[in-house]
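Novice: Would you mind keeping the following structure in view while I ask a few things?
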Amino acid sequence: MQSLQDKASEWSGVAAADAFAIDDGNIFESLGGTPQPFVDLSTNFYTRSAIAPLFPDQRLSALIRTDLDFLLTSTRFIPGSNRVYEDDEEEWFREIFSGSKKEDAIQNQYEFLIQRMGGPPLFSERRGHPALIGRHRPFLVTHRAAERWLHHMQQALDTTESIDADSKVKMMNFFRHTAYFLVAGNEMTRKQSQAVACKHATSKPAE
Ligand code: HEM
């Protein structure tokens with residue numbers, strides 16, 4: 001039988017080796033070792049109102065890095081209709097997120113990304129094991145939903161200046177593979193509640 005990993009590779013078109021190239025180095029450290037780039041990315045993904053902080057200087061970014069409210073009010077507003085919470089083109093997709101508060105969704109995502117890209121385990125400390133398949137069980141994670149999610153993530157990456165091009169490619173491969181891993185997991189479990197041990201959600205081991 002085809003494993004979830006195999007399905008993820010086949011459906012996403014991304015080989016496992018490319019999906020987990022994020023582990024070849026430490027992306028969190030290479031991006032400056034602060035949460036800022038990940039806060040930028042998740043903010044862009046969910047609201048796309050923030051393209052760049054008004055304080056691009058890393059030292060100032062470090063000072064404001066955990067103050068999301070301040071960050072949201074201190075960013076240049078760039079209009080756009082294609083963010084998750086304002087997805088006017090694909091209302092069905094926006095609906096998937098209707099039960100989640102935007103600020104919570106942003107924090108959940110950036111804490112997970114920080115942890116998965118080699119930073120401190122912020123997500124697990126606050127939310128427990130990522131157990132991505134189990135956490136997505138309430139939602140209809142279809143092939144179509146995965147493509148829409150990836151569309152938003154590609155746009156968010158494109159507009160996040162604090163992440164370099166090489167990291168963007170690696171992160172997008174990881175996202176493509178993980179999205180289809182979740183589609184496969186959603187199909188498999190649908191109504192079950194079990195965490196499937198996977199490499200997508202592990203914390204980076206200490207060097
Ligand atoms: C949370 C949908 C793909 C990681 C969520 C939530 C929804 C959702 C509706 C709830 C928002 C919240 O309250 O945090 C989807 C759909 C996907 C998808 C439709 C399409 C395939 C992904 C991918 C990743 C991911 C590819 C990781 C790379 C997460 C994380 C959370 C989350 C970490 C927070 C879970 C929590 O804190 O309980 N997702 N997602 N998702 N998603 Fe996804």
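Identifiers in this document derive from the order of the structure tokens: chains are assigned A, B, ..., residues are numbered from 1 separately in each chain, and ligands are numbered from 1 in order of occurrence.
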Applying 8 Å and only C-alpha atoms, which residues near Lys204 (chain A) remain after dropping the ones on its own chain fewer than 5 positions away? List them as a CSV table (one decimal) with C-alpha atoms, in the first residue's frame.

Specialist:
```csv
chain,number,residue,atom,x,y,z
A,23,ASP,CA,16.9,20.4,7.4
A,115,GLN,CA,10.0,25.6,15.5
A,116,ARG,CA,10.1,23.5,12.3
A,117,MET,CA,12.7,25.7,10.6
A,118,GLY,CA,15.2,25.3,13.5
A,119,GLY,CA,14.1,27.8,16.1
```

Novice: If you count only C-alpha atoms and all ligand atoms, which residues end up within 6 Å of ligand 1, as a PyMOL selection string?

Specialist: chain A and resi 96-97+100+104-105+108-109+112+135-136+141+145-146+149+175+178-179+182

Novice: Export, as a PDB file, in the first residue's frame, the selected residues with C-alpha atoms.

Specialist:
```pdb
ATOM      1  CA  ILE A  96     -12.643  26.876   6.046  1.00  0.00           C
ATOM      2  CA  PHE A  97     -11.034  29.432   8.354  1.00  0.00           C
ATOM      3  CA  SER A 100     -10.581  30.646  13.730  1.00  0.00           C
ATOM      4  CA  ASP A 104      -4.643  33.186  16.690  1.00  0.00           C
ATOM      5  CA  ALA A 105      -4.207  31.601  13.266  1.00  0.00           C
ATOM      6  CA  ASN A 108      -0.239  29.325  15.526  1.00  0.00           C
ATOM      7  CA  GLN A 109       1.334  29.285  12.106  1.00  0.00           C
ATOM      8  CA  PHE A 112       4.995  26.246  14.155  1.00  0.00           C
ATOM      9  CA  ARG A 135      -5.321  19.122  13.927  1.00  0.00           C
ATOM     10  CA  HIS A 136      -6.584  19.379  10.335  1.00  0.00           C
ATOM     11  CA  VAL A 141      -8.390  19.285   3.203  1.00  0.00           C
ATOM     12  CA  ALA A 145      -7.955  23.278  -0.848  1.00  0.00           C
ATOM     13  CA  ALA A 146      -4.261  22.366  -0.907  1.00  0.00           C
ATOM     14  CA  TRP A 149      -3.522  27.184   0.392  1.00  0.00           C
ATOM     15  CA  PHE A 175       4.865  23.434   2.040  1.00  0.00           C
ATOM     16  CA  THR A 178       3.184  18.917   3.609  1.00  0.00           C
ATOM     17  CA  ALA A 179      -0.040  20.199   2.020  1.00  0.00           C
ATOM     18  CA  LEU A 182      -2.315  16.528   4.860  1.00  0.00           C
TER      19      LEU A 182
END
```

Novice: Name all residues at most 7 Å from Ile163 (chain A) (count only C-alpha atoms; drop same-chain ones fewer than 4 positions away) and give them as a list in words.

Specialist: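 Within the cut-off, the hits are Leu31, Pro37, Ser167 and Lys168 of chain A.
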
Novice: Using only C-alpha atoms, which of the listed residues (A:Tyr46, A:Glu147, A:Tyr180, A:Trp92) sits closest to Asp6 (chain A)?

Specialist: A:Tyr180

Novice: Ranking A:Gln155, A:Ser3, A:Ser124, A:Ser42 by minimum distance to Thr202 (chain A) and counting only C-alpha atoms, which one comes first?

Specialist: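 Ranked by minimum distance to Thr202 (chain A), first place goes to A:Ser124.
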
Novice: Using only C-alpha atoms, which protein or nucleic acid residues come within 7 Å of Arg94 (chain A)? Drop anything in the same chain fewer than 4 positions from it, and give the result as number ranges by chain.

Specialist: A: 84-87, 90, 98

Novice: Mind checking which residues fall within 12 Å of Asp166 (chain A), counting only C-alpha atoms, ignoring those fewer than 2 positions away in the same chain, and posting them as number ranges by chain?

Specialist: A: 21-22, 25, 27, 30-31, 157, 163-164, 168-173

Novice: Go through A:Phe45, A:Glu111, A:Phe174, A:Phe20 and flag the residue nearest His151 (chain A), using only C-alpha atoms for the distances.

Specialist: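 Smallest distance to His151 (chain A) is found for A:Phe45.
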
Novice: Ranking A:Phe93, A:Met1, A:Gln154, A:Ala16 by minimum distance to Cys198 (chain A) and counting only C-alpha atoms, which one comes first?

Specialist: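 Once distances to Cys198 (chain A) are computed over only C-alpha atoms, the minimum belongs to A:Ala16.
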